[in-house]
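Asker: Take a look at final23.txt, compact mmCIF, C-alpha atoms:
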# COMPACT_ATOMS: atom_id res chain seq x y z
CA MET A 1 78.87 311.48 43.02
CA PRO A 2 75.32 312.73 42.76
CA LYS A 3 74.14 315.03 45.56
CA TRP A 4 71.71 312.48 46.99
CA PHE A 5 74.39 309.85 47.51
CA MET A 6 75.86 310.79 50.91
CA PRO A 7 72.50 311.51 52.64
CA ALA A 8 71.11 308.27 51.20
CA ALA A 9 74.16 306.33 52.41
CA ALA A 10 73.77 307.83 55.90
CA THR A 11 70.04 306.94 55.93
CA CYS A 12 70.86 303.42 54.85
CA GLY A 13 73.44 303.05 57.63
CA LEU A 14 70.96 304.32 60.21
CA MET A 15 68.26 301.97 58.94
CA PHE A 16 70.55 298.96 59.23
CA ALA A 17 71.59 300.11 62.72
CA ALA A 18 67.94 300.44 63.76
CA SER A 19 66.72 297.19 62.17
CA PRO A 20 67.93 294.84 64.99
CA PHE A 21 65.82 296.78 67.52
CA LEU A 22 62.71 296.59 65.33
CA ILE A 23 63.29 292.90 64.69
CA ALA A 24 63.85 292.24 68.39
CA ASN A 25 60.57 293.94 69.23
CA ALA A 26 58.56 292.01 66.63
CA PRO A 27 56.44 289.19 68.12
CA TYR A 28 57.62 285.57 68.02
CA GLU A 29 56.13 283.44 65.29
CA SER A 30 53.90 280.80 66.91
CA THR A 31 55.59 277.59 65.70
CA MET A 32 59.17 278.57 64.86
CA GLY A 33 59.86 281.06 67.63
CA LEU A 34 63.14 282.93 67.61
CA VAL A 35 64.63 281.45 64.41
CA GLN A 36 61.82 282.94 62.32
CA LYS A 37 63.43 286.37 62.84
CA ILE A 38 66.07 285.54 60.24
CA PHE A 39 63.21 286.05 57.78
CA TYR A 40 63.59 289.84 58.12
CA TYR A 41 66.99 289.63 56.45
CA HIS A 42 66.51 286.48 54.35
CA MET A 43 63.50 287.59 52.34
CA PRO A 44 64.84 291.10 51.49
CA SER A 45 68.19 289.60 50.36
CA ALA A 46 66.34 287.13 48.16
CA GLY A 47 64.25 290.01 46.78
CA MET A 48 67.35 292.07 45.94
CA PHE A 49 68.91 288.94 44.38
CA LEU A 50 65.96 288.72 41.99
CA ILE A 51 65.89 292.46 41.23
CA ALA A 52 69.65 292.48 40.55
CA ALA A 53 69.32 289.46 38.25
CA VAL A 54 66.51 291.13 36.28
CA VAL A 55 68.51 294.37 35.97
CA CYS A 56 71.53 292.39 34.75
CA GLY A 57 69.47 290.45 32.20
CA VAL A 58 67.65 293.47 30.76
CA ALA A 59 70.83 295.57 30.56
CA SER A 60 72.68 292.66 28.91
CA VAL A 61 70.06 292.23 26.20
CA ARG A 62 70.06 295.97 25.54
CA TYR A 63 73.86 295.92 25.33
CA LEU A 64 73.95 292.92 23.03
CA PHE A 65 71.58 294.46 20.50
CA GLY A 66 72.21 298.17 21.12
CA GLY A 67 75.93 298.24 21.88
CA ASP A 68 75.66 301.05 24.46
CA PRO A 69 78.62 300.64 26.88
CA ARG A 70 76.58 302.18 29.72
CA GLN A 71 74.23 299.19 29.61
CA ASP A 72 77.27 296.91 29.78
CA ARG A 73 78.58 298.64 32.90
CA LEU A 74 75.13 298.42 34.48
CA ALA A 75 74.93 294.71 33.67
CA TRP A 76 78.32 294.03 35.22
CA ALA A 77 77.49 295.95 38.39
CA ALA A 78 74.14 294.17 38.67
CA ALA A 79 75.76 290.76 38.15
CA GLU A 80 78.12 291.40 41.08
CA LEU A 81 75.17 292.41 43.26
CA THR A 82 73.29 289.28 42.13
CA VAL A 83 76.16 287.19 43.47
CA LEU A 84 76.37 289.24 46.68
CA PHE A 85 72.66 289.20 47.59
CA GLY A 86 72.27 285.65 46.28
CA ALA A 87 75.04 284.56 48.64
CA LEU A 88 73.28 286.31 51.53
CA ALA A 89 69.99 284.56 50.70
CA LEU A 90 71.71 281.21 50.21
CA VAL A 91 73.49 281.49 53.57
CA THR A 92 70.58 282.78 55.66
CA GLY A 93 68.20 280.25 54.05
CA PRO A 94 69.97 277.06 55.22
CA LEU A 95 70.56 278.61 58.68
CA TRP A 96 66.82 279.03 59.01
CA ALA A 97 66.01 275.70 57.33
CA ARG A 98 68.23 273.78 59.75
CA LYS A 99 65.98 274.88 62.64
CA ALA A 100 62.63 275.08 60.86
CA TRP A 101 62.78 271.98 58.61
CA GLY A 102 65.56 270.03 60.33
CA VAL A 103 67.75 269.96 57.22
CA TRP A 104 70.29 272.41 55.84
CA TRP A 105 69.21 271.97 52.27
CA GLN A 106 66.12 270.72 50.46
CA TRP A 107 65.98 270.08 46.70
CA ASP A 108 62.87 272.15 46.26
CA VAL A 109 61.90 274.52 43.43
CA ARG A 110 62.87 277.77 45.01
CA LEU A 111 66.13 276.56 46.48
CA THR A 112 67.25 274.76 43.35
CA SER A 113 66.29 277.55 40.96
CA SER A 114 67.92 280.17 43.20
CA LEU A 115 71.10 278.11 43.33
CA MET A 116 71.17 277.68 39.55
CA GLY A 117 70.49 281.40 38.99
CA TRP A 118 73.29 282.23 41.38
CA MET A 119 75.61 279.83 39.53
CA VAL A 120 74.84 281.59 36.23
CA ALA A 121 75.71 284.94 37.84
CA VAL A 122 78.99 283.51 39.17
CA ALA A 123 79.73 282.10 35.69
CA TYR A 124 79.05 285.59 34.28
CA LEU A 125 81.63 287.11 36.63
CA LEU A 126 84.17 284.36 35.88
CA LEU A 127 83.72 284.98 32.18
CA ARG A 128 84.22 288.74 32.58
CA ARG A 129 87.23 288.25 34.82
CA TYR A 130 89.07 285.54 32.88
CA GLY A 131 87.55 285.77 29.39
CA GLY A 132 89.98 288.39 28.11
CA PRO A 133 89.10 290.94 25.43
CA GLY A 134 85.64 290.63 23.92
CA SER A 135 84.17 288.91 26.97
CA ASP A 136 81.66 291.77 27.46
CA LYS A 137 79.57 290.56 24.50
CA LEU A 138 79.95 286.92 25.52
CA ALA A 139 78.84 287.70 29.05
CA ALA A 140 75.79 289.53 27.69
CA GLY A 141 74.94 286.42 25.67
CA LEU A 142 75.31 284.28 28.78
CA ALA A 143 72.97 286.58 30.72
CA LEU A 144 70.37 286.32 27.94
CA PHE A 145 70.56 282.51 28.04
CA GLY A 146 70.44 282.58 31.82
CA MET A 147 67.20 284.57 31.71
CA ALA A 148 65.64 282.22 29.17
CA ASN A 149 66.62 279.33 31.41
CA VAL A 150 64.64 280.45 34.47
CA PRO A 151 61.22 279.07 33.45
CA PHE A 152 62.78 275.73 32.45
CA ILE A 153 64.56 275.28 35.75
CA TYR A 154 61.37 276.28 37.53
CA ILE A 155 59.21 273.76 35.64
CA SER A 156 61.75 270.95 35.84
CA VAL A 157 62.01 271.06 39.63
CA ASN A 158 58.45 272.17 40.30
CA TYR A 159 57.11 268.65 40.72
CA TRP A 160 59.52 267.94 43.57
CA ARG A 161 57.84 268.23 46.94
CA THR A 162 58.06 271.77 48.23
CA ILE A 163 58.13 273.04 51.80
CA HIS A 164 59.33 276.57 51.11
CA PRO A 165 56.60 279.13 51.86
CA THR A 166 55.37 281.11 48.86
CA THR A 167 55.50 284.87 48.49
CA THR A 168 51.78 285.04 49.26
CA VAL A 169 52.63 285.03 52.97
CA VAL A 170 54.00 288.58 52.73
CA PRO A 171 50.67 290.47 52.37
CA THR A 172 49.14 288.32 55.14
CA LEU A 173 51.75 289.34 57.72
CA PRO A 174 50.23 290.99 60.81
CA VAL A 175 51.16 294.66 61.25
CA SER A 176 53.55 293.86 64.11
CA MET A 177 55.61 291.71 61.75
CA GLY A 178 54.85 293.63 58.56
CA VAL A 179 56.36 296.92 59.79
CA PRO A 180 59.83 295.52 60.60
CA PHE A 181 59.71 293.42 57.42
CA TRP A 182 58.99 296.34 55.10
CA PHE A 183 61.50 298.46 57.03
CA CYS A 184 64.21 295.87 56.37
CA PHE A 185 63.09 295.52 52.78
CA ALA A 186 63.42 299.28 52.25
CA ALA A 187 66.86 299.24 53.89
CA PHE A 188 68.03 296.46 51.57
CA LEU A 189 66.56 298.21 48.53
CA LEU A 190 68.38 301.42 49.45
CA LEU A 191 71.61 299.47 49.97
CA PHE A 192 71.13 297.83 46.56
CA VAL A 193 70.63 301.16 44.79
CA LEU A 194 73.64 302.70 46.55
CA LEU A 195 75.94 299.79 45.76
CA LEU A 196 74.76 299.69 42.16
CA ARG A 197 75.40 303.41 41.72
CA LEU A 198 78.83 303.09 43.34
CA ARG A 199 79.82 300.11 41.19
CA VAL A 200 78.63 301.70 37.95
CA ARG A 201 80.59 304.84 38.86
CA LEU A 202 83.75 302.79 39.34
CA GLU A 203 83.35 301.29 35.87
CA GLU A 204 82.61 304.72 34.37
CA GLN A 205 85.84 306.06 35.81
CA ARG A 206 87.79 303.04 34.58
CA ALA A 207 86.36 303.63 31.10
CA ARG A 208 87.35 307.30 31.34
CA VAL A 209 90.91 306.41 32.38
CA ASP A 210 91.13 303.97 29.48
CA ALA A 211 89.93 306.65 27.07
CA LEU A 212 92.52 309.09 28.45
CA TYR A 213 95.31 306.56 28.00
CA LEU A 214 94.24 305.97 24.42
CA SER A 215 94.11 309.68 23.62
CA LEU A 216 97.57 310.10 25.16
CA ASP A 217 99.00 307.50 22.79
CA GLN A 218 97.74 309.23 19.71
CA MET B 1 70.99 278.60 -0.23
CA PHE B 2 70.63 278.18 3.55
CA ALA B 3 70.37 274.40 3.38
CA ARG B 4 73.29 274.24 0.97
CA ILE B 5 75.60 276.16 3.31
CA VAL B 6 74.49 274.00 6.24
CA TRP B 7 75.34 270.92 4.19
CA LEU B 8 78.73 272.34 3.10
CA VAL B 9 79.77 273.19 6.69
CA LEU B 10 78.56 269.80 7.92
CA ARG B 11 80.33 267.94 5.11
CA LYS B 12 83.55 269.83 5.78
CA ASP B 13 83.42 268.92 9.49
CA LEU B 14 82.60 265.29 8.81
CA THR B 15 85.35 264.97 6.19
CA VAL B 16 87.95 266.39 8.56
CA GLU B 17 86.69 264.12 11.33
CA VAL B 18 86.53 260.93 9.23
CA ARG B 19 90.15 261.43 8.10
CA SER B 20 91.55 261.37 11.64
CA LEU B 21 88.61 260.20 13.81
CA GLU B 22 90.37 262.10 16.59
CA ILE B 23 87.31 263.54 18.30
CA ALA B 24 85.17 260.44 17.78
CA TYR B 25 87.68 258.07 19.36
CA THR B 26 88.66 260.32 22.27
CA THR B 27 85.04 261.30 23.03
CA VAL B 28 83.78 257.72 23.02
CA PHE B 29 86.68 256.50 25.13
CA PHE B 30 86.23 259.37 27.57
CA ALA B 31 82.48 258.64 27.85
CA VAL B 32 83.21 254.98 28.58
CA SER B 33 85.74 255.96 31.28
CA CYS B 34 83.10 258.25 32.81
CA VAL B 35 80.63 255.36 33.02
CA LEU B 36 83.24 253.24 34.77
CA VAL B 37 84.29 255.98 37.21
CA PHE B 38 80.69 256.63 38.22
CA ALA B 39 79.98 252.93 38.42
CA PHE B 40 82.90 252.52 40.86
CA ALA B 41 81.66 255.50 42.86
CA LEU B 42 78.02 254.43 43.11
CA VAL B 43 77.81 250.63 42.96
CA ARG B 44 77.50 248.96 46.36
CA GLU B 45 77.78 245.19 46.74
CA GLY B 46 77.37 244.66 43.03
CA GLN B 47 74.15 246.68 42.85
CA ALA B 48 73.74 250.13 41.31
CA PRO B 49 71.41 252.51 43.20
CA GLU B 50 67.90 253.09 41.90
CA ASP B 51 67.90 255.29 38.76
CA GLY B 52 71.71 255.14 38.83
CA ALA B 53 72.00 253.97 35.23
CA ALA B 54 70.02 256.94 33.86
CA GLY B 55 72.11 259.40 35.84
CA ILE B 56 75.40 257.83 34.80
CA LEU B 57 74.33 257.77 31.15
CA TRP B 58 73.50 261.48 31.13
CA ILE B 59 76.55 262.56 33.11
CA SER B 60 78.74 260.71 30.62
CA ILE B 61 76.96 262.35 27.67
CA ALA B 62 77.34 265.81 29.23
CA PHE B 63 81.02 265.37 30.09
CA ALA B 64 81.94 263.77 26.76
CA GLY B 65 79.88 266.42 24.95
CA THR B 66 81.89 269.20 26.58
CA LEU B 67 85.10 267.51 25.50
CA ALA B 68 83.89 267.13 21.91
CA LEU B 69 82.70 270.75 21.76
CA GLY B 70 86.02 272.06 23.00
CA ARG B 71 87.99 269.95 20.53
CA ALA B 72 85.75 270.72 17.55
CA PHE B 73 86.28 274.46 17.94
CA GLU B 74 89.93 274.20 18.95
CA ARG B 75 90.46 272.66 15.53
CA GLU B 76 88.80 275.68 13.90
CA ARG B 77 91.05 278.02 15.87
CA GLN B 78 94.41 276.50 15.00
CA SER B 79 94.70 277.93 11.54
CA GLU B 80 92.05 280.63 11.95
CA THR B 81 89.60 278.65 9.86
CA LEU B 82 86.69 279.93 11.92
CA ARG B 83 87.55 283.45 10.83
CA ALA B 84 87.58 282.23 7.23
CA LEU B 85 84.18 280.61 7.76
CA LEU B 86 82.76 283.82 9.21
CA LEU B 87 84.25 285.90 6.38
CA ALA B 88 82.56 283.71 3.78
CA PRO B 89 79.52 285.34 2.18
CA ALA B 90 77.16 282.99 3.98
CA PRO B 91 74.38 283.67 6.49
CA ARG B 92 75.79 283.22 10.00
CA PRO B 93 72.85 281.11 11.26
CA ALA B 94 73.58 278.58 8.48
CA ILE B 95 77.17 278.22 9.74
CA TYR B 96 75.82 277.70 13.25
CA VAL B 97 73.37 275.01 12.12
CA GLY B 98 76.12 273.25 10.17
CA LYS B 99 78.42 273.17 13.21
CA LEU B 100 75.52 272.06 15.44
CA LEU B 101 74.71 269.13 13.16
CA GLY B 102 78.37 268.09 13.16
CA ILE B 103 78.48 268.04 16.97
CA LEU B 104 75.15 266.19 17.06
CA ALA B 105 76.48 263.49 14.74
CA LEU B 106 79.45 262.96 17.08
CA LEU B 107 77.32 262.84 20.22
CA VAL B 108 74.78 260.46 18.70
CA ALA B 109 77.65 258.17 17.73
CA ALA B 110 78.94 258.29 21.31
CA GLU B 111 75.43 257.51 22.65
CA ALA B 112 75.17 254.54 20.31
CA VAL B 113 78.17 253.07 22.13
CA LEU B 114 77.18 254.21 25.63
CA LEU B 115 73.63 252.89 25.63
CA PRO B 116 74.41 249.18 25.08
CA LEU B 117 77.28 249.52 27.55
CA VAL B 118 75.00 250.90 30.26
CA ALA B 119 72.42 248.23 29.45
CA LEU B 120 75.07 245.55 29.83
CA LEU B 121 76.76 246.85 32.99
CA PHE B 122 73.61 247.74 34.93
CA GLN B 123 71.28 244.99 33.66
CA GLU B 124 68.81 247.62 32.44
CA ASP B 125 66.29 246.76 29.77
CA VAL B 126 67.02 249.82 27.62
CA PHE B 127 65.34 248.44 24.54
CA ALA B 128 61.88 248.02 26.06
CA HIS B 129 60.72 251.34 24.59
CA PRO B 130 63.27 252.06 21.85
CA VAL B 131 61.36 254.86 20.12
CA TRP B 132 60.66 256.81 23.31
CA LEU B 133 64.20 256.39 24.57
CA ALA B 134 65.62 257.51 21.22
CA ALA B 135 63.32 260.56 21.29
CA VAL B 136 64.43 261.49 24.83
CA LEU B 137 68.11 261.03 23.99
CA LEU B 138 67.84 262.96 20.74
CA THR B 139 65.90 265.95 22.12
CA GLY B 140 68.19 266.09 25.15
CA THR B 141 71.30 265.97 23.00
CA VAL B 142 69.93 268.68 20.69
CA GLY B 143 69.28 270.97 23.68
CA PHE B 144 72.71 270.36 25.14
CA ALA B 145 74.49 270.75 21.81
CA ALA B 146 72.50 273.86 20.79
CA VAL B 147 73.71 275.81 23.82
CA GLY B 148 77.14 274.14 23.72
CA THR B 149 77.83 274.95 20.06
CA LEU B 150 77.02 278.61 20.56
CA PHE B 151 79.08 278.92 23.73
CA ALA B 152 82.03 276.99 22.31
CA ALA B 153 81.94 279.14 19.16
CA MET B 154 81.85 282.41 21.08
CA LEU B 155 84.58 281.25 23.49
CA VAL B 156 86.99 280.52 20.61
CA ARG B 157 88.37 284.03 20.92
CA ALA B 158 88.32 284.15 24.73
CA ARG B 159 91.17 283.44 27.09
CA SER B 160 91.02 280.29 29.29
CA ARG B 161 88.27 278.91 27.03
CA ASP B 162 88.84 275.29 28.08
CA VAL B 163 87.85 276.07 31.65
CA LEU B 164 85.11 278.55 30.83
CA LEU B 165 83.13 276.25 28.53
CA PRO B 166 81.96 273.82 31.25
CA VAL B 167 81.62 276.69 33.72
CA LEU B 168 79.11 278.44 31.44
CA LEU B 169 77.51 275.38 29.91
CA TYR B 170 76.48 273.33 32.96
CA PRO B 171 74.38 275.94 34.83
CA ILE B 172 72.48 276.71 31.61
CA THR B 173 71.87 273.08 30.60
CA VAL B 174 70.66 271.92 34.03
CA PRO B 175 67.02 271.60 32.85
CA VAL B 176 68.13 269.35 29.98
CA ILE B 177 70.05 267.12 32.36
CA ILE B 178 67.17 266.96 34.86
CA ALA B 179 64.56 266.22 32.18
CA GLY B 180 66.81 263.71 30.41
CA VAL B 181 67.67 261.83 33.59
CA ARG B 182 64.08 261.77 34.87
CA ALA B 183 62.60 260.64 31.53
CA THR B 184 65.27 257.95 31.07
CA ALA B 185 64.81 256.74 34.66
CA VAL B 186 61.05 256.42 34.12
CA LEU B 187 61.61 254.53 30.86
CA LEU B 188 64.00 252.08 32.54
CA GLN B 189 61.49 251.12 35.22
CA PRO B 190 59.51 247.90 34.78
CA GLU B 191 56.18 249.80 34.99
CA VAL B 192 56.49 252.82 32.70
CA GLU B 193 54.35 255.85 33.49
CA MET B 194 53.83 257.24 29.98
CA ALA B 195 52.29 260.53 31.15
CA LEU B 196 55.52 261.37 32.98
CA VAL B 197 57.65 260.52 29.95
CA ARG B 198 55.47 262.72 27.76
CA PHE B 199 55.79 265.60 30.25
CA TRP B 200 59.59 265.47 30.26
CA LEU B 201 59.73 265.02 26.49
CA ALA B 202 57.50 268.07 26.02
CA LEU B 203 59.81 270.06 28.31
CA LEU B 204 62.84 268.95 26.29
CA VAL B 205 61.19 269.89 22.99
CA ALA B 206 60.22 273.31 24.37
CA PHE B 207 63.78 273.83 25.61
CA ASP B 208 65.18 272.85 22.20
CA VAL B 209 62.86 275.24 20.37
CA VAL B 210 63.62 278.19 22.67
CA PHE B 211 67.38 277.69 22.80
CA VAL B 212 67.90 276.92 19.10
CA THR B 213 65.89 280.05 18.26
CA LEU B 214 67.88 282.15 20.73
CA ALA B 215 71.16 280.76 19.42
CA LEU B 216 70.23 281.51 15.79
CA TRP B 217 69.22 285.00 16.86
CA THR B 218 72.34 285.79 18.91
CA PHE B 219 74.97 283.97 16.83
CA GLU B 220 75.34 286.99 14.56
CA PRO B 221 75.91 289.68 17.25
CA LEU B 222 78.01 287.33 19.41
CA MET B 223 80.36 286.33 16.61
CA THR B 224 80.97 289.90 15.42
CA ASP B 225 84.17 291.53 16.64
Show how you would write the structure in this file as structure tokens.

Answerer:
Amino acid sequence: MPKWFMPAAATCGLMFAASPFLIANAPYESTMGLVQKIFYYHMPSAGMFLIAAVVCGVASVRYLFGGDPRQDRLAWAAAELTVLFGALALVTGPLWARKAWGVWWQWDVRLTSSLMGWMVAVAYLLLRRYGGPGSDKLAAGLALFGMANVPFIYISVNYWRTIHPTTTVVPTLPVSMGVPFWFCFAAFLLLFVLLLRLRVRLEEQRARVDALYLSLDQ
Amino acid sequence: MFARIVWLVLRKDLTVEVRSLEIAYTTVFFAVSCVLVFAFALVREGQAPEDGAAGILWISIAFAGTLALGRAFERERQSETLRALLLAPAPRPAIYVGKLLGILALLVAAEAVLLPLVALLFQEDVFAHPVWLAAVLLTGTVGFAAVGTLFAAMLVRARSRDVLLPVLLYPITVPVIIAGVRATAVLLQPEVEMALVRFWLALLVAFDVVFVTLALWTFEPLMTD
């Protein structure tokens, strides 16, 4: 474990412990009231979902054409985090939507494309888990196709009526809401980096054990 | 050279298929059963819901396509003929294009049966704009088959490939299904909005170009052990 890991993990724990107090002290949003506070966890999870997906895609392409196993381990770890943070965003979203829009689900651009991106990440994990030997390359190919797919999904559902707010609301947040939001965002980002590092380390050690087994046989 | 290898692979696949007609018969029959199952699920008091015919048509194509893809590559696996194909001194992209054209021929044959059936069962005037409808069906099928052929080929060596093919294929081909269903639904309406059809057709063509290019580019690294 790198030296920064334990202090960073402690900081992350403290930040998550402190976030409910900050969120509770933030002002109520004028029309939605209390339910709007789910935003402080929903938006950072969605952000981490996107970052994890991009990390997975880039690492997969580099693995497919470079063949560096480190990139493969990074892609796998990132794919698991894509599923984790995607699930958080897809659970907190409908909880909020039920109160704010009156429906659990709306077939709008953001929701549909997030769901499809999440499905590709789940398919990636299924392929790695049940694909048998050689599935690392296949999964990298899937991630590449999944990345290429994003603009098409976006365009194809874009004409459906949308009620999801755009990301432009973030810079317009008043300070009283912006501080807890960016605090939560930083906490989620730290959590993402820690989990990614931990997961990559697990794969590194598995690879090392495999190498030791092989050298023992010879 | 390239075109010749494409033709040889395609001719091989068609010859094998014509001798038994195994995939053609099972795929067409499966597609017809799909239409019936969805008709039973959706039709209320003798009436299909609005745009139901377009949706049922595309679901049947997607399901039957998955079946055909799985079978076509299972056949190559049985006596390791895919390995022989890949060992041949031929450019890999040419092998991919040959296999893709073979799958396309099968799917177009299935559509030729499905379309009149849907027209008959749902009282849809499918032949009002034959050229546009053919263009939508063809570009949609190319997009679906381009991704499907690559995935089916790379899954030949994987475990539990029968389950994994639809699991990987459907999330990736969602835009094709959406665009195909929307364009077909617009074309089946009495007042056709041509601008909308052109938009979906352009999306399908763009999808085809991007995914065929990607497949040609990645077929080589993905099919190397």

Asker: Would you pick out the contacts of Gly86 (chain A) at 9 Å or less, using all atoms listed in the file, so that residues sharing its chain but fewer than 2 positions from it are not included, and give the list as a list in words?

Answerer: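 So, after excluding close chain neighbours, the residues are Ser45, Ala46, Met48, Phe49, Leu50, Leu81, Thr82, Val83, Leu84, Leu88, Ala89, Leu90, Val91, Ser114, Leu115, Gly117 and Trp118 of chain A.
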
Asker: Residues near Arg199 (chain A), anyone? I mean within 12 Å using only C-alpha atoms, not counting same-chain ones fewer than 3 positions away, as a ChimeraX atom specification.

Answerer: /A:1,73-81,192-196,202-206

Asker: If the cut-off is 9 Å, can you tell me the residues of chain B near chain A, counting all atoms listed in the file? I'd like them as number ranges by chain.

Answerer: B: 147, 151, 154-155, 157-161, 164, 167-168, 171-176, 178-179, 200, 203, 206-207, 210-211, 214-215, 218, 221-223, 225

Asker: Quick one: distance from CA of Asp68 (chain A) to CA of Leu189 (chain A) in Å, one decimal?

Answerer: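 Result for CA of Asp68 (chain A) versus CA of Leu189 (chain A): 25.9 Å, one decimal.
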
Asker: One number please: CA of Trp96 (chain A) to CA of Gln36 (chain A), in Å, one decimal.

Answerer: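 The value is 7.2 Å.
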